[in-house]
file model34.cif (mmCIF, C-alpha atoms)
data_coords
#
loop_
_atom_site.label_atom_id
_atom_site.label_comp_id
_atom_site.auth_asym_id
_atom_site.auth_seq_id
_atom_site.Cartn_x
_atom_site.Cartn_y
_atom_site.Cartn_z
CA MET A 1 0.00 0.00 0.00
CA SER A 2 1.35 3.42 -0.94
CA ASP A 3 2.34 5.84 1.81
CA ALA A 4 1.97 8.82 -0.51
CA LEU A 5 -0.26 11.61 0.74
CA ARG A 6 -3.19 12.82 -1.34
CA ARG A 7 -3.43 16.61 -1.51
CA ILE A 8 -7.02 17.77 -1.65
CA TRP A 9 -8.79 21.12 -1.54
CA LEU A 10 -10.79 21.98 1.57
CA CYS A 11 -12.69 25.08 0.48
CA ALA A 12 -14.67 27.38 2.77
CA ASP A 13 -17.45 29.01 0.81
CA ASP A 14 -19.06 32.42 1.41
CA TYR A 15 -16.19 34.72 2.41
CA GLY A 16 -17.76 38.18 2.38
CA LEU A 17 -21.19 37.05 3.58
CA SER A 18 -20.76 38.47 7.10
CA ASP A 19 -18.00 39.56 9.46
CA GLY A 20 -18.51 36.41 11.53
CA VAL A 21 -18.06 34.17 8.51
CA ASN A 22 -14.99 36.14 7.45
CA ARG A 23 -13.32 35.86 10.87
CA ALA A 24 -13.92 32.13 11.10
CA ILE A 25 -12.49 31.47 7.66
CA ARG A 26 -9.39 33.61 8.26
CA GLU A 27 -8.72 31.88 11.57
CA LEU A 28 -8.85 28.43 9.98
CA ILE A 29 -6.60 29.51 7.10
CA GLU A 30 -3.99 30.84 9.51
CA ARG A 31 -4.06 27.53 11.40
CA GLY A 32 -3.58 25.52 8.21
CA ARG A 33 -7.03 23.94 8.47
CA LEU A 34 -8.23 25.25 5.08
CA ASN A 35 -6.39 25.65 1.80
CA ALA A 36 -9.05 27.45 -0.24
CA THR A 37 -11.85 29.95 0.20
CA SER A 38 -14.22 31.49 -2.30
CA VAL A 39 -15.20 35.14 -2.06
CA MET A 40 -18.61 36.68 -2.71
CA THR A 41 -18.48 40.15 -4.27
CA VAL A 42 -22.15 41.17 -3.95
CA THR A 43 -22.44 40.80 -0.17
CA PRO A 44 -22.31 43.30 2.71
CA ALA A 45 -19.09 42.12 4.38
CA ILE A 46 -16.73 42.39 1.43
CA GLY A 47 -14.64 45.43 0.61
CA ARG A 48 -11.03 46.49 0.59
CA GLU A 49 -10.56 45.95 4.32
CA ALA A 50 -12.00 42.42 4.26
CA ALA A 51 -9.98 41.58 1.13
CA ALA A 52 -6.76 42.88 2.70
CA ALA A 53 -7.42 40.88 5.87
CA LEU A 54 -7.92 37.71 3.81
CA GLN A 55 -4.72 38.32 1.87
CA ALA A 56 -2.84 38.79 5.16
CA SER A 57 -4.17 35.45 6.43
CA VAL A 58 -3.28 33.68 3.19
CA ALA A 59 0.25 35.12 3.42
CA LYS A 60 0.66 32.96 6.54
CA SER A 61 -0.50 29.89 4.58
CA PRO A 62 0.84 30.55 1.07
CA ARG A 63 -0.60 27.44 -0.60
CA CYS A 64 -4.12 28.62 0.17
CA ALA A 65 -6.12 29.55 -2.94
CA ILE A 66 -8.59 32.42 -3.18
CA GLY A 67 -11.48 32.00 -5.59
CA LEU A 68 -14.59 33.83 -6.68
CA HIS A 69 -17.94 32.57 -5.37
CA VAL A 70 -20.20 33.73 -8.20
CA THR A 71 -23.56 34.66 -6.70
CA LEU A 72 -26.75 34.55 -8.77
CA THR A 73 -29.49 33.80 -6.22
CA ALA A 74 -31.56 35.78 -3.71
CA PRO A 75 -31.37 37.55 -1.31
CA PHE A 76 -28.49 39.19 -3.17
CA ARG A 77 -28.60 41.76 -5.96
CA PRO A 78 -26.79 41.85 -9.31
CA LEU A 79 -23.93 44.19 -10.11
CA THR A 80 -25.17 44.70 -13.68
CA LEU A 81 -28.00 47.12 -14.37
CA HIS A 82 -30.01 45.08 -16.88
CA PHE A 83 -29.84 41.61 -15.31
CA ARG A 84 -33.05 39.62 -15.70
CA PRO A 85 -35.11 37.83 -14.47
CA LEU A 86 -35.31 39.34 -11.00
CA ASP A 87 -37.48 38.91 -7.94
CA GLY A 88 -38.12 42.56 -7.14
CA ASP A 89 -34.60 43.99 -7.22
CA MET A 90 -32.96 40.71 -6.18
CA PHE A 91 -31.80 37.61 -8.03
CA LEU A 92 -34.31 34.77 -8.26
CA PRO A 93 -34.42 32.30 -5.37
CA PHE A 94 -32.44 29.09 -5.89
CA ALA A 95 -35.41 26.91 -6.94
CA LYS A 96 -36.76 29.45 -9.43
CA LEU A 97 -33.35 29.92 -11.04
CA LEU A 98 -32.91 26.17 -11.45
CA ARG A 99 -36.43 25.85 -12.87
CA GLY A 100 -35.77 28.70 -15.29
CA GLY A 101 -32.64 26.99 -16.55
CA LEU A 102 -34.32 23.62 -16.93
CA LEU A 103 -37.15 25.25 -18.92
CA ARG A 104 -34.67 27.26 -21.03
CA ARG A 105 -36.10 30.59 -19.86
CA LEU A 106 -32.82 32.25 -18.87
CA ASP A 107 -30.57 34.47 -20.95
CA ALA A 108 -27.00 33.16 -20.98
CA GLU A 109 -25.71 36.50 -22.26
CA LEU A 110 -27.11 38.38 -19.26
CA ILE A 111 -25.58 35.77 -16.95
CA HIS A 112 -22.28 36.12 -18.85
CA ALA A 113 -22.32 39.88 -18.28
CA GLU A 114 -23.06 39.49 -14.56
CA VAL A 115 -20.29 36.93 -14.05
CA LEU A 116 -17.89 39.24 -15.89
CA ALA A 117 -18.89 42.05 -13.50
CA GLN A 118 -18.26 39.85 -10.47
CA LEU A 119 -14.90 38.74 -11.88
CA ASP A 120 -14.00 42.41 -12.42
CA ALA A 121 -15.06 43.22 -8.84
CA PHE A 122 -12.80 40.44 -7.55
CA HIS A 123 -9.89 41.83 -9.59
CA GLU A 124 -10.54 45.30 -8.20
CA LEU A 125 -10.41 43.95 -4.64
CA PHE A 126 -7.46 41.58 -4.95
CA GLY A 127 -5.46 43.03 -7.83
CA ARG A 128 -5.56 39.81 -9.80
CA ALA A 129 -7.84 37.15 -11.22
CA PRO A 130 -9.14 34.42 -8.89
CA ASP A 131 -7.32 31.10 -8.57
CA PHE A 132 -10.62 29.30 -9.18
CA VAL A 133 -14.28 30.14 -9.73
CA ASP A 134 -17.28 28.39 -8.22
CA GLY A 135 -20.90 29.30 -7.50
CA HIS A 136 -23.13 30.05 -4.53
CA GLN A 137 -25.74 27.31 -4.09
CA HIS A 138 -24.06 25.52 -7.03
CA ALA A 139 -25.80 27.84 -9.49
CA GLN A 140 -22.83 27.60 -11.89
CA LEU A 141 -23.98 24.04 -12.70
CA PHE A 142 -27.53 24.93 -13.75
CA PRO A 143 -28.57 24.66 -17.42
CA GLN A 144 -28.05 27.94 -19.31
CA VAL A 145 -26.31 29.43 -16.25
CA ARG A 146 -23.29 27.23 -16.91
CA ASP A 147 -23.01 28.54 -20.47
CA GLY A 148 -22.78 32.18 -19.40
CA PHE A 149 -20.62 31.28 -16.41
CA LEU A 150 -18.04 29.26 -18.33
CA SER A 151 -17.76 31.72 -21.20
CA ALA A 152 -17.14 34.57 -18.73
CA VAL A 153 -14.43 32.63 -16.90
CA LYS A 154 -12.79 31.74 -20.20
CA GLU A 155 -12.81 35.43 -21.14
CA ARG A 156 -11.59 36.99 -17.89
CA ALA A 157 -9.78 34.23 -15.97
CA PRO A 158 -8.72 31.50 -18.43
CA ASP A 159 -6.02 30.19 -16.10
CA ALA A 160 -8.47 29.67 -13.22
CA TRP A 161 -10.01 26.27 -12.61
CA VAL A 162 -13.76 25.92 -12.14
CA ARG A 163 -15.61 23.85 -9.58
CA GLN A 164 -17.73 20.94 -10.66
CA GLY A 165 -19.90 19.11 -8.15
CA GLY A 166 -19.73 15.48 -9.25
CA ARG A 167 -18.50 12.65 -7.04
CA ASN A 168 -16.48 9.61 -8.02
CA ALA A 169 -18.13 7.33 -5.43
CA PRO A 170 -19.74 3.96 -6.29
CA LEU A 171 -23.30 4.18 -7.65
CA ALA A 172 -24.92 2.70 -4.52
CA GLN A 173 -23.24 5.33 -2.36
CA ARG A 174 -24.27 8.14 -4.70
CA LEU A 175 -27.90 6.98 -4.78
CA ALA A 176 -28.04 7.20 -0.97
CA ALA A 177 -27.59 11.00 -1.02
CA PRO A 178 -30.32 12.65 -3.16
CA LYS A 179 -28.95 16.21 -2.88
CA ALA A 180 -25.49 15.12 -4.00
CA LEU A 181 -27.01 12.98 -6.76
CA VAL A 182 -28.59 16.11 -8.26
CA LEU A 183 -25.13 17.73 -8.29
CA ASP A 184 -23.68 14.65 -9.97
CA THR A 185 -26.27 14.92 -12.75
CA LEU A 186 -25.86 18.66 -13.29
CA SER A 187 -22.06 18.38 -13.22
CA ALA A 188 -21.83 15.90 -16.09
CA GLN A 189 -22.74 18.54 -18.68
CA PHE A 190 -20.77 21.21 -16.82
CA ARG A 191 -17.57 19.12 -17.12
CA LYS A 192 -18.13 18.51 -20.83
CA LYS A 193 -18.63 22.20 -21.54
CA ALA A 194 -15.65 23.23 -19.39
CA ALA A 195 -13.39 20.72 -21.13
CA LYS A 196 -14.51 21.94 -24.54
CA LEU A 197 -13.43 25.47 -23.54
CA GLY A 198 -10.10 24.21 -22.21
CA LEU A 199 -10.94 25.08 -18.58
CA ARG A 200 -9.58 22.92 -15.78
CA PHE A 201 -11.82 21.55 -13.01
CA ASN A 202 -11.53 19.50 -9.85
CA PRO A 203 -11.67 15.73 -10.51
CA ALA A 204 -14.13 15.02 -7.69
CA PHE A 205 -16.29 16.85 -5.17
CA ASP A 206 -17.90 16.25 -1.80
CA GLY A 207 -19.29 18.22 1.11
CA ALA A 208 -22.99 18.46 0.23
CA TYR A 209 -25.37 17.42 2.99
CA ASP A 210 -28.77 18.29 4.46
CA PHE A 211 -27.97 21.30 6.63
CA ALA A 212 -31.46 21.31 8.17
CA HIS A 213 -30.82 18.08 10.08
CA ALA A 214 -27.55 19.41 11.60
CA PRO A 215 -25.71 16.07 11.53
CA ASP A 216 -22.37 15.49 13.26
CA PHE A 217 -19.80 17.17 11.04
CA GLY A 218 -16.95 14.89 12.07
CA THR A 219 -18.91 11.86 10.92
CA LEU A 220 -19.70 13.60 7.65
CA MET A 221 -16.07 14.56 7.09
CA ARG A 222 -14.98 10.95 7.43
CA GLY A 223 -17.33 10.08 4.58
CA PHE A 224 -16.24 13.06 2.48
CA LEU A 225 -12.57 12.03 2.63
CA ASP A 226 -13.16 8.34 1.96
CA GLY A 227 -11.87 7.64 -1.55
CA LEU A 228 -11.49 11.30 -2.54
CA PRO A 229 -8.73 11.40 -5.17
CA GLU A 230 -5.74 13.71 -5.46
CA GLY A 231 -7.02 17.17 -6.30
CA GLY A 232 -10.54 16.41 -5.13
CA LEU A 233 -12.45 19.13 -3.30
CA VAL A 234 -14.50 19.18 -0.12
CA MET A 235 -16.79 22.17 0.35
CA CYS A 236 -17.42 23.53 3.85
CA HIS A 237 -19.15 26.50 5.48
CA PRO A 238 -17.48 27.52 8.75
CA GLY A 239 -18.56 30.74 10.40
CA PHE A 240 -19.53 32.59 13.56
CA VAL A 241 -23.17 33.61 13.81
CA ASP A 242 -23.91 37.33 13.77
CA GLU A 243 -26.92 39.47 12.93
CA THR A 244 -25.88 39.95 9.31
CA LEU A 245 -25.61 36.22 8.76
CA LYS A 246 -29.00 35.58 10.37
CA SER A 247 -30.61 38.19 8.11
CA LEU A 248 -29.18 36.71 4.90
CA ASP A 249 -28.81 32.95 5.20
CA PRO A 250 -30.67 30.08 6.88
CA LEU A 251 -27.38 28.24 7.51
CA THR A 252 -26.30 29.67 10.88
CA THR A 253 -25.42 27.54 13.93
CA GLN A 254 -24.28 24.63 11.77
CA ARG A 255 -21.50 26.93 10.54
CA GLU A 256 -20.21 27.19 14.12
CA LYS A 257 -20.27 23.39 14.43
CA GLU A 258 -18.23 23.09 11.24
CA HIS A 259 -15.76 25.66 12.52
CA ALA A 260 -15.43 23.91 15.88
CA TYR A 261 -14.64 20.58 14.24
CA LEU A 262 -12.15 21.99 11.74
CA ALA A 263 -10.40 23.97 14.50
CA GLY A 264 -10.34 21.04 16.91
CA ASP A 265 -7.84 18.32 17.70
CA GLU A 266 -9.68 15.48 15.95
CA PHE A 267 -9.47 16.84 12.41
CA PRO A 268 -5.67 16.60 11.85
CA GLY A 269 -5.82 12.98 13.00
CA LEU A 270 -8.56 12.23 10.49
CA LEU A 271 -6.45 13.71 7.69
CA ALA A 272 -3.47 11.61 8.74
CA LEU A 273 -5.58 8.46 8.99
CA ASN A 274 -6.81 9.00 5.44
CA LYS A 275 -3.34 9.95 4.16
CA VAL A 276 -4.67 13.34 3.11
CA THR A 277 -2.85 16.65 3.26
CA LEU A 278 -3.86 20.27 2.77
CA ALA A 279 -0.23 21.42 2.61
#
call {"tool": "encode", "arguments": {"input": "model34.cif", "output": "structure tokens"}}
result
Amino acid sequence: MSDALRRIWLCADDYGLSDGVNRAIRELIERGRLNATSVMTVTPAIGREAAAALQASVAKSPRCAIGLHVTLTAPFRPLTLHFRPLDGDMFLPFAKLLRGGLLRRLDAELIHAEVLAQLDAFHELFGRAPDFVDGHQHAQLFPQVRDGFLSAVKERAPDAWVRQGGRNAPLAQRLAAPKALVLDTLSAQFRKKAAKLGLRFNPAFDGAYDFAHAPDFGTLMRGFLDGLPEGGLVMCHPGFVDETLKSLDPLTTQREKEHAYLAGDEFPGLLALNKVTLA
């Protein structure tokens, strides 16, 4: 049996969502417990100060990647003036955006323009293109959305890799997790389109679970790491609850549970047991 370590990506989503989320992510980066985070550019807790603080944390963990978390769902608002369809002045909710894509009712060119604007906002904050690009609530995988998303990344950040949400687990294991199975299905076309454009993507993905049931995160993490290949990615959502977070996102106290596990003593042992490294 090989003693070689597998390097994976452990990516904290939603930097910029709230000050509490930002602090939790920076703390874990500085402790070497994360090696990627994706930044929202349409949220209240992002700006030059938050970007500079993130860059300072990453300087202490130089192999940590910073990506763009493209945001196209409510309760957030677009950066582009003519984006449609909207729910009032906000993006559509997750379910309506997915339905619109499945029914071919979206405009890929308007999505392309919005993703370009968010890529430009990232560049303005960080002085460079993102290392990778993914999507809030996996919207980058939706039909029609993925066309505008991928073409914008190819145009503005061709050296970035993009996040796909498909697993490489056995079929029986994939069938046991309906939410993740949806991501598997949506990701198949996403990978084909990304490859056609010459964009790189992660070979495997995990980290999706039913947040509403607040399961034990340590138990989940053991499953996420099992069989994940070199370069695979696990998504996570650590954070500290504050009023801004509570006003914008239903995922609150579970973020603190994720943070506690990732910051705790058990997690490094789990990585070693699975011959996984973030370094």
call {"tool": "closest_residue", "arguments": {"input": "model34.cif", "among": "A:Phe217, A:Phe142, A:Phe211, A:Trp161", "to": "Gly198 (chain A)", "atoms": "all atoms listed in the file"}}
result
A:Trp161
call {"tool": "closest_residue", "arguments": {"input": "model34.cif", "among": "A:Ala113, A:Gln140, A:Val153, A:Trp9", "to": "Leu98 (chain A)", "atoms": "only C-alpha atoms"}}
result
A:Gln140
call {"tool": "closest_residue", "arguments": {"input": "model34.cif", "among": "A:Val133, A:Leu181, A:Ala56, A:Leu141", "to": "Leu97 (chain A)", "atoms": "all atoms listed in the file"}}
result
A:Leu141
call {"tool": "atom_distance", "arguments": {"input": "model34.cif", "atom1": "CA of Ala157 (chain A)", "atom2": "CA of His112 (chain A)"}}
result
13.0 Å
call {"tool": "closest_residue", "arguments": {"input": "model34.cif", "among": "A:Ile29, A:Ala108, A:Leu92, A:Ala263", "to": "Gly218 (chain A)", "atoms": "all atoms listed in the file"}}
result
A:Ala263
call {"tool": "resolve_selection", "arguments": {"input": "model34.cif", "expression": "the PyMOL selection byres ((chain A and resi 276) around 10)", "output": "list in words"}}
result
Ala4, Leu5, Arg6, Arg7, Ile8, Trp9, Leu225, Asp226, Leu228, Pro229, Glu230, Pro268, Gly269, Leu270, Leu271, Ala272, Leu273, Asn274, Lys275, Thr277, Leu278 and Ala279 of chain A
call {"tool": "residues_around", "arguments": {"input": "model34.cif", "residues": "Pro238 (chain A)", "least_positions_apart": "4", "cutoff": "7 Å", "atoms": "all atoms listed in the file", "output": "ChimeraX atom specification"}}
result
/A:12,21,24-25,255-256,258-259
call {"tool": "atom_distance", "arguments": {"input": "model34.cif", "atom1": "CA of Leu34 (chain A)", "atom2": "CA of Leu248 (chain A)"}}
result
23.9 Å
call {"tool": "closest_residue", "arguments": {"input": "model34.cif", "among": "A:Pro130, A:Pro158, A:Gly32, A:Pro203", "to": "Pro62 (chain A)", "atoms": "only C-alpha atoms"}}
result
A:Gly32
call {"tool": "closest_atom_pairs", "arguments": {"input": "model34.cif", "of": "region 29-50 of chain A", "to": "region 115-126 of chain A", "cutoff": "7 Å", "atoms": "only C-alpha atoms", "output": "tab-separated table"}}
result
residue	atom	partner	partner_atom	distance
A:Thr41	CA	A:Gln118	CA	6.2
A:Gly47	CA	A:Leu125	CA	6.9
A:Arg48	CA	A:Leu125	CA	5.8
call {"tool": "write_last_selection", "arguments": {"input": "model34.cif", "atoms": "C-alpha atoms", "output": "compact mmCIF listing (two decimals), keeping the file's coordinate frame"}}
result
# COMPACT_ATOMS: atom_id res chain seq x y z
CA THR A 41 -18.48 40.15 -4.27
CA GLY A 47 -14.64 45.43 0.61
CA ARG A 48 -11.03 46.49 0.59
call {"tool": "closest_residue", "arguments": {"input": "model34.cif", "among": "A:Lys257, A:Leu54, A:Gly127, A:Leu106", "to": "Gly148 (chain A)", "atoms": "only C-alpha atoms"}}
result
A:Leu106
call {"tool": "atom_distance", "arguments": {"input": "model34.cif", "atom1": "CA of Phe240 (chain A)", "atom2": "CA of Phe132 (chain A)"}}
result
24.6 Å
call {"tool": "residues_near_point", "arguments": {"input": "model34.cif", "point": "(-35.7, 25.4, -10.7)", "cutoff": "12 Å", "atoms": "all atoms listed in the file", "output": "list in words"}}
result
Thr73, Leu92, Pro93, Phe94, Ala95, Lys96, Leu97, Leu98, Arg99, Gly100, Gly101, Leu102, Leu103, Arg104, Arg105, Leu106, Ala139, Leu141, Phe142, Pro143, Gln144, Val145 and Val182 of chain A
call {"tool": "resolve_selection", "arguments": {"input": "model34.cif", "expression": "the PyMOL selection byres ((chain A and resi 65) around 8)", "output": "PyMOL selection string"}}
result
chain A and resi 35-37+58+63-64+66-67+131-132
call {"tool": "residues_around", "arguments": {"input": "model34.cif", "residues": "Ala204 (chain A)", "least_positions_apart": "4", "cutoff": "10 Å", "atoms": "only C-alpha atoms", "output": "compact mmCIF listing (two decimals) with C-alpha atoms, in the coordinates of the input"}}
result
# COMPACT_ATOMS: atom_id res chain seq x y z
CA ILE A 8 -7.02 17.77 -1.65
CA ARG A 163 -15.61 23.85 -9.58
CA GLN A 164 -17.73 20.94 -10.66
CA GLY A 165 -19.90 19.11 -8.15
CA GLY A 166 -19.73 15.48 -9.25
CA ARG A 167 -18.50 12.65 -7.04
CA ASN A 168 -16.48 9.61 -8.02
CA ALA A 169 -18.13 7.33 -5.43
CA ASP A 184 -23.68 14.65 -9.97
CA GLY A 227 -11.87 7.64 -1.55
CA LEU A 228 -11.49 11.30 -2.54
CA PRO A 229 -8.73 11.40 -5.17
CA GLU A 230 -5.74 13.71 -5.46
CA GLY A 231 -7.02 17.17 -6.30
CA GLY A 232 -10.54 16.41 -5.13
CA LEU A 233 -12.45 19.13 -3.30
CA VAL A 234 -14.50 19.18 -0.12
call {"tool": "resolve_selection", "arguments": {"input": "model34.cif", "expression": "the PyMOL selection byres ((chain A and resi 207) around 6)", "output": "tab-separated table (two decimals) with C-alpha atoms, keeping the file's coordinate frame"}}
result
chain	number	residue	atom	x	y	z
A	206	ASP	CA	-17.90	16.25	-1.80
A	208	ALA	CA	-22.99	18.46	0.23
A	234	VAL	CA	-14.50	19.18	-0.12
A	235	MET	CA	-16.79	22.17	0.35
call {"tool": "residues_around", "arguments": {"input": "model34.cif", "residues": "Val241 (chain A)", "least_positions_apart": "3", "cutoff": "7 Å", "atoms": "all atoms listed in the file", "output": "PyMOL selection string"}}
result
chain A and resi 20+245+252-253
call {"tool": "axis_aligned_box", "arguments": {"input": "model34.cif", "around": "region 219-238 of chain A", "padding_each_side": "5 Å", "output": "JSON"}}
result
{"center_x": -12.7, "center_y": 17.6, "center_z": 2.3, "size_x": 24.0, "size_y": 29.9, "size_z": 27.2}
call {"tool": "residues_around", "arguments": {"input": "model34.cif", "residues": "Ala212 (chain A)", "least_positions_apart": "5", "cutoff": "9 Å", "atoms": "only C-alpha atoms", "output": "PyMOL selection string"}}
result
chain A and resi 250-251+254
call {"tool": "residues_around", "arguments": {"input": "model34.cif", "residues": "Ala194 (chain A)", "least_positions_apart": "6", "cutoff": "8 Å", "atoms": "only C-alpha atoms", "output": "ChimeraX atom specification"}}
result
/A:150,162,200-201
